[in-house]
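What follows is one structure encoded as structure tokens, with my remarks underneath.
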Amino acid sequence: MAFYRPARWQRPLALGLFAALVALPFVLEAFDQSFYIGFATRLLIFALAASSLNLVLGFGGMVSLGHAAFFGIGAYVAAICQQAGINEALFAFPAAMAVAGLFALAVGAVSLRTRSVYFIMITLAFAQMVYYLFISARAWGGDDGLPLAGRMTLAGFSLAGDRPLFFASLTALTVAMLLFGRLAQARFGRTLQAIRENETRMEALGYPVFRYRLVAFALGGAVAGLAGALLANLTGLASPNLLQWMQSGTLLVMVIIGGVGSLWGGVVGAAVLLGLEEALAGLTEHWHIVLGLLLLGVVLFAPRGVASLFGRRDG
Amino acid sequence: MADALLDVRGLSRRFAAVDALKAVDFSVVAGEVHALIGPNGAGKTTFIHHVSGALRPESGSVHFAGQDVTGLSMHERVRAGMARSYQITNVFPSLCARDNVALAVQGRADTGSSFRFWRPVAAETALFAEAESWLAQVGLADKADAVAGSLSHGEQRALELAMALATKPQLLLLDEPMAGTGPEESARMVELIENLARHVTILLVEHDMEAVFRLADRISVLVNGRMICTGTPDEVRSDPGVRRAYLGDHL
């Protein structure tokens, strides 16, 4: 794959989408459909989590099956902060990012010494270790997870209600996408993509490949941690299910459906998957069959994901 | 050797039951073109891997520019001034020629850190200007925009060379630069290497004997993991051990 370069239509489309999302809660309220604000918030949060995996998988070429660990840790850090009497998101969210990011740094430092299927297995193993740690931790709710007493405050303003958390999530996703978009075109992103294409050649050009991969892996973990902290606020629960390998798989499917290595892959994938679930789950409990067919279709007919169908990516 | 740029001492390596390299002593003097030849399976590529840092020796040492680099990884050796081209063409096929070389320029310590997350590389005109000057040096000035995968085999070999040069090495390891090229392209490559040899020390592994004897100041012969002979082209040509190893070959 060539280096990422933004298509010409990308900026106007992104701005349009952003404007539409800013207006969305007000429109939904006007039509008495404020239930969907919660759904949209969930979608934004999963778009953030999937995009963080896309950095690792799509741009870094690291097939991690343990990304849910960082997502779940973020949720638990938020809940634990609140349990400890810290209800301010300006502290709890960065703390979630820091803990998830540092844990990713440690996991990466070990896992990135392996390749291919061994890397998949070792990231999975780390994530499952975290999962079992949390379900056996009584102080943090064990199997039941750790509930939040209510939503946190952000700079003193409560995140309670539909709108505040929606806008907090929208801000987080916007900033992350802006960062990822810049990063992909900056030295770091080009280095990362070139490593994905040919790691040995990059070593032979003098690049400390391991270090670049590790930084990307940790950055992805930190952003997933932020998504987790937001989700804990949305659902009011830091659940061990968030840490499970099923969750890692879901994020992976989102990225693959959306488009591995295309900037919007995580966002599109989260929208398609959660949209499908929302639309079909009410009709049939076998909606996973449709999902399976969709995944099959994407892999066979649009291996670069749904995002690649919207106009050719130049470069 | 006191003034050796590259000095390999007692390098040994076993693969399973096979002694791939047996106590190899070898040195390259600054400024020379030193060719390494040997029959197929003699261990030439294994040897190059040990010099470049892709493989670690079981025993022995590698000194480069007065520094013990035996324990250094490949990228650290590149940063120390040792670049290599590959036997099998190893460029980024989906990137244009300019981007390929720009990556090599960007990888150098003196062009700044690559842990930069915000400023687009496209704005770094110096990077691309330098890349183009390297392309010009290997005769690819008009191919800068061409996707590397679409270049001819010979052009890809030249691109590979430009990438190695762009790391500004003191020592260039060329692993069979003529491999798979036609006679015309070979001639051009020989000319190119002759020009480069004025600026950089070269360790050349090559099967094309005509090219070797034309380019090399000194030649070392590796047979079955042993360095059996080192000397000027004339000395090597008349060495009985080399003649025996190459029996039937047109030495």
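Ligands are numbered from 1 in the order shown, residues from 1 within each chain, and chains are lettered A, B, ... in the order they appear in the structure tokens.
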Write down, as a short mmCIF file (atom, residue, chain, number, x, y, z; two decimals) with N, CA and C atoms, in the first residue's frame, each residue of chain B that has any atom within 10 Å of an atom of chain A, counting only C-alpha atoms.
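Printed below is out-v2.cif as written:
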```cif
data_model
loop_
_atom_site.label_atom_id
_atom_site.label_comp_id
_atom_site.auth_asym_id
_atom_site.auth_seq_id
_atom_site.Cartn_x
_atom_site.Cartn_y
_atom_site.Cartn_z
N SER B 52 26.49 -6.94 8.26
CA SER B 52 25.46 -5.90 8.33
C SER B 52 24.71 -5.92 9.65
N GLY B 53 24.77 -7.05 10.36
CA GLY B 53 24.10 -7.12 11.66
C GLY B 53 22.77 -7.85 11.63
N ALA B 54 22.41 -8.40 10.46
CA ALA B 54 21.16 -9.16 10.38
C ALA B 54 21.29 -10.45 11.18
N SER B 73 22.84 -3.82 16.58
CA SER B 73 21.82 -4.29 15.66
C SER B 73 22.03 -3.64 14.29
N MET B 74 21.26 -4.10 13.33
CA MET B 74 21.41 -3.62 11.96
C MET B 74 21.25 -2.11 11.87
N HIS B 75 20.18 -1.57 12.48
CA HIS B 75 19.95 -0.13 12.32
C HIS B 75 21.03 0.70 13.00
N GLU B 76 21.62 0.15 14.07
CA GLU B 76 22.71 0.88 14.72
C GLU B 76 23.96 0.89 13.84
N ARG B 77 24.18 -0.22 13.13
CA ARG B 77 25.34 -0.26 12.22
C ARG B 77 25.13 0.68 11.04
N VAL B 78 23.89 0.77 10.57
CA VAL B 78 23.61 1.71 9.48
C VAL B 78 23.91 3.13 9.94
N ARG B 79 23.46 3.44 11.16
CA ARG B 79 23.72 4.77 11.71
C ARG B 79 25.21 5.02 11.89
N ALA B 80 25.98 3.94 12.11
CA ALA B 80 27.42 4.08 12.27
C ALA B 80 28.13 4.28 10.93
N GLY B 81 27.38 4.06 9.82
CA GLY B 81 27.98 4.35 8.52
C GLY B 81 28.17 3.15 7.61
N MET B 82 27.34 2.14 7.79
CA MET B 82 27.46 0.93 6.98
C MET B 82 26.12 0.70 6.29
N ALA B 83 26.08 0.80 4.97
CA ALA B 83 24.81 0.61 4.29
C ALA B 83 24.89 -0.61 3.40
N ARG B 84 23.75 -1.22 3.14
CA ARG B 84 23.78 -2.39 2.27
C ARG B 84 22.67 -2.33 1.23
N SER B 85 22.96 -2.95 0.08
CA SER B 85 21.90 -3.18 -0.88
C SER B 85 21.66 -4.68 -0.89
N TYR B 86 20.51 -5.07 -1.37
CA TYR B 86 20.12 -6.47 -1.27
C TYR B 86 20.31 -7.22 -2.57
N ASN B 90 14.97 -4.87 -3.17
CA ASN B 90 14.24 -4.67 -1.93
C ASN B 90 13.90 -3.19 -1.78
N VAL B 91 13.03 -2.71 -2.67
CA VAL B 91 12.58 -1.33 -2.57
C VAL B 91 11.10 -1.35 -2.15
N PHE B 92 10.51 -0.20 -1.95
CA PHE B 92 9.09 -0.13 -1.63
C PHE B 92 8.32 0.01 -2.95
N PRO B 93 7.75 -1.08 -3.46
CA PRO B 93 7.22 -1.07 -4.82
C PRO B 93 6.04 -0.12 -5.02
N SER B 94 5.27 0.17 -3.95
CA SER B 94 4.08 1.00 -4.15
C SER B 94 4.38 2.49 -4.00
N LEU B 95 5.61 2.82 -3.62
CA LEU B 95 5.97 4.24 -3.48
C LEU B 95 6.75 4.69 -4.71
N CYS B 96 6.71 5.98 -4.99
CA CYS B 96 7.48 6.48 -6.11
C CYS B 96 8.96 6.49 -5.73
N ASP B 99 10.02 9.01 -3.10
CA ASP B 99 9.63 8.65 -1.73
C ASP B 99 10.54 7.56 -1.17
N ASN B 100 10.92 6.62 -2.01
CA ASN B 100 11.83 5.56 -1.58
C ASN B 100 13.12 6.15 -1.03
N VAL B 101 13.72 7.04 -1.80
CA VAL B 101 15.00 7.61 -1.38
C VAL B 101 14.80 8.58 -0.21
N LEU B 103 12.83 8.29 2.18
CA LEU B 103 12.80 7.50 3.41
C LEU B 103 14.22 7.26 3.93
N ALA B 104 15.13 7.00 2.99
CA ALA B 104 16.52 6.76 3.39
C ALA B 104 17.15 8.03 3.95
N VAL B 105 16.84 9.17 3.32
CA VAL B 105 17.37 10.45 3.81
C VAL B 105 16.81 10.73 5.20
N GLN B 106 15.51 10.51 5.35
CA GLN B 106 14.83 10.78 6.62
C GLN B 106 15.38 9.89 7.74
N GLY B 107 15.87 8.72 7.40
CA GLY B 107 16.35 7.78 8.41
C GLY B 107 17.70 8.17 9.00
N ARG B 108 18.37 9.11 8.35
CA ARG B 108 19.70 9.49 8.82
C ARG B 108 19.60 10.37 10.06
N ALA B 109 20.57 10.24 10.96
CA ALA B 109 20.51 10.99 12.22
C ALA B 109 20.59 12.50 11.98
N SER B 113 14.99 13.80 13.96
CA SER B 113 14.23 12.66 14.46
C SER B 113 13.01 12.39 13.60
N SER B 114 12.61 11.13 13.53
CA SER B 114 11.37 10.79 12.84
C SER B 114 10.22 10.64 13.83
N PHE B 115 10.46 10.95 15.10
CA PHE B 115 9.35 10.99 16.06
C PHE B 115 8.70 12.36 15.98
N ARG B 116 8.21 12.68 14.79
CA ARG B 116 7.48 13.94 14.60
C ARG B 116 6.09 13.58 14.14
N PHE B 117 5.10 14.13 14.88
CA PHE B 117 3.74 13.63 14.74
C PHE B 117 2.80 14.59 14.03
N TRP B 118 3.24 15.81 13.75
CA TRP B 118 2.28 16.81 13.30
C TRP B 118 2.57 17.37 11.92
N ARG B 119 3.84 17.74 11.67
CA ARG B 119 4.14 18.43 10.42
C ARG B 119 4.18 17.44 9.25
N PRO B 120 3.40 17.71 8.20
CA PRO B 120 3.41 16.78 7.06
C PRO B 120 4.79 16.72 6.41
N VAL B 121 5.20 15.54 6.03
CA VAL B 121 6.49 15.38 5.37
C VAL B 121 6.50 16.14 4.05
N ALA B 122 5.33 16.23 3.42
CA ALA B 122 5.24 16.90 2.12
C ALA B 122 5.81 18.32 2.19
N ALA B 123 5.77 18.92 3.40
CA ALA B 123 6.28 20.29 3.54
C ALA B 123 7.80 20.32 3.67
N GLU B 124 8.42 19.18 3.85
CA GLU B 124 9.88 19.14 4.04
C GLU B 124 10.58 19.02 2.69
N VAL B 147 6.39 5.07 -10.00
CA VAL B 147 6.19 4.11 -8.91
C VAL B 147 7.29 3.04 -9.03
N MET B 163 19.18 4.41 -2.53
CA MET B 163 18.71 4.37 -1.14
C MET B 163 19.87 4.10 -0.19
N ALA B 164 20.73 3.16 -0.58
CA ALA B 164 21.89 2.85 0.27
C ALA B 164 22.80 4.08 0.37
N LEU B 165 23.01 4.77 -0.76
CA LEU B 165 23.87 5.95 -0.76
C LEU B 165 23.31 7.07 0.10
N ALA B 166 21.98 7.19 0.08
CA ALA B 166 21.34 8.29 0.80
C ALA B 166 21.51 8.17 2.31
N THR B 167 21.92 7.00 2.79
CA THR B 167 22.23 6.89 4.22
C THR B 167 23.63 7.44 4.50
#
```
>> Can you tell me, as a PyMOL selection string, which residues in stretch 30-210 of chain B count as strand (DSSP E or B) by DSSP?
In response: chain B and resi 33-37+59-64+67-68+82-85+96+120+147+171-175+201-205
Please write the residues from the selection above to a file, keeping C-alpha atoms, as a PDB file, in the first residue's frame.
```pdb
ATOM      1  CA  VAL B  33      36.739  -1.795  -3.616  1.00  0.00           C
ATOM      2  CA  HIS B  34      36.979  -5.194  -2.040  1.00  0.00           C
ATOM      3  CA  ALA B  35      35.201  -8.004  -3.806  1.00  0.00           C
ATOM      4  CA  LEU B  36      34.070 -11.178  -2.102  1.00  0.00           C
ATOM      5  CA  ILE B  37      33.649 -14.135  -4.415  1.00  0.00           C
ATOM      6  CA  SER B  59      32.208 -16.382  17.991  1.00  0.00           C
ATOM      7  CA  GLY B  60      34.472 -13.746  16.579  1.00  0.00           C
ATOM      8  CA  SER B  61      34.171 -10.006  16.287  1.00  0.00           C
ATOM      9  CA  VAL B  62      33.291  -7.296  13.803  1.00  0.00           C
ATOM     10  CA  HIS B  63      35.007  -3.928  14.113  1.00  0.00           C
ATOM     11  CA  PHE B  64      33.900  -0.986  12.033  1.00  0.00           C
ATOM     12  CA  GLN B  67      34.482   0.551  16.987  1.00  0.00           C
ATOM     13  CA  ASP B  68      33.425  -2.921  18.081  1.00  0.00           C
ATOM     14  CA  MET B  82      27.464   0.931   6.979  1.00  0.00           C
ATOM     15  CA  ALA B  83      24.807   0.610   4.289  1.00  0.00           C
ATOM     16  CA  ARG B  84      23.781  -2.391   2.268  1.00  0.00           C
ATOM     17  CA  SER B  85      21.901  -3.179  -0.884  1.00  0.00           C
ATOM     18  CA  CYS B  96       7.478   6.485  -6.114  1.00  0.00           C
ATOM     19  CA  PRO B 120       3.412  16.784   7.060  1.00  0.00           C
ATOM     20  CA  VAL B 147       6.194   4.109  -8.914  1.00  0.00           C
ATOM     21  CA  LEU B 171      31.127   1.480   3.710  1.00  0.00           C
ATOM     22  CA  LEU B 172      28.717   0.219   1.106  1.00  0.00           C
ATOM     23  CA  LEU B 173      27.869  -3.489   1.132  1.00  0.00           C
ATOM     24  CA  LEU B 174      26.684  -4.462  -2.312  1.00  0.00           C
ATOM     25  CA  ASP B 175      25.181  -7.930  -2.415  1.00  0.00           C
ATOM     26  CA  THR B 201      34.553   2.217   0.348  1.00  0.00           C
ATOM     27  CA  ILE B 202      32.811  -0.755  -1.211  1.00  0.00           C
ATOM     28  CA  LEU B 203      32.484  -4.385  -0.242  1.00  0.00           C
ATOM     29  CA  LEU B 204      31.159  -6.110  -3.327  1.00  0.00           C
ATOM     30  CA  VAL B 205      29.709  -9.605  -3.460  1.00  0.00           C
TER      31      VAL B 205
END
```
> Could you pull out all residues of stretch 61-134 of chain B with a DSSP call of helix (DSSP H, G or I) and give them as number ranges by chain?
Replying inline: B: 74-80, 97-106, 109-111, 121-123, 125-134
> In terms of the shortest atom-to-atom distance over only C-alpha atoms, which of B:His153, B:His49, B:Arg244, B:Arg198 is closest to B:Leu215?
Replying inline: B:Arg198
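Taking atom CA of A:Met246 and atom CA of A:Ala160 as the two end points, the separation is 29.1 Å.
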> Within 7 Å of B:Gln87, counting only C-alpha atoms, which residues qualify if same-chain residues fewer than 3 places away don't, as an MDAnalysis selection string?
Replying inline: chainID B and resid 175:177 179
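Taking atom CA of A:Phe301 and atom CA of A:Arg115 as the two end points, the separation is 27.6 Å.
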>> Can you pull out the residues contacting stretch 52-59 of chain A? Cut-off 10 Å, using only C-alpha atoms, and skip same-chain residues under 6 positions away; I want them as a count of residues only.
In response: 53
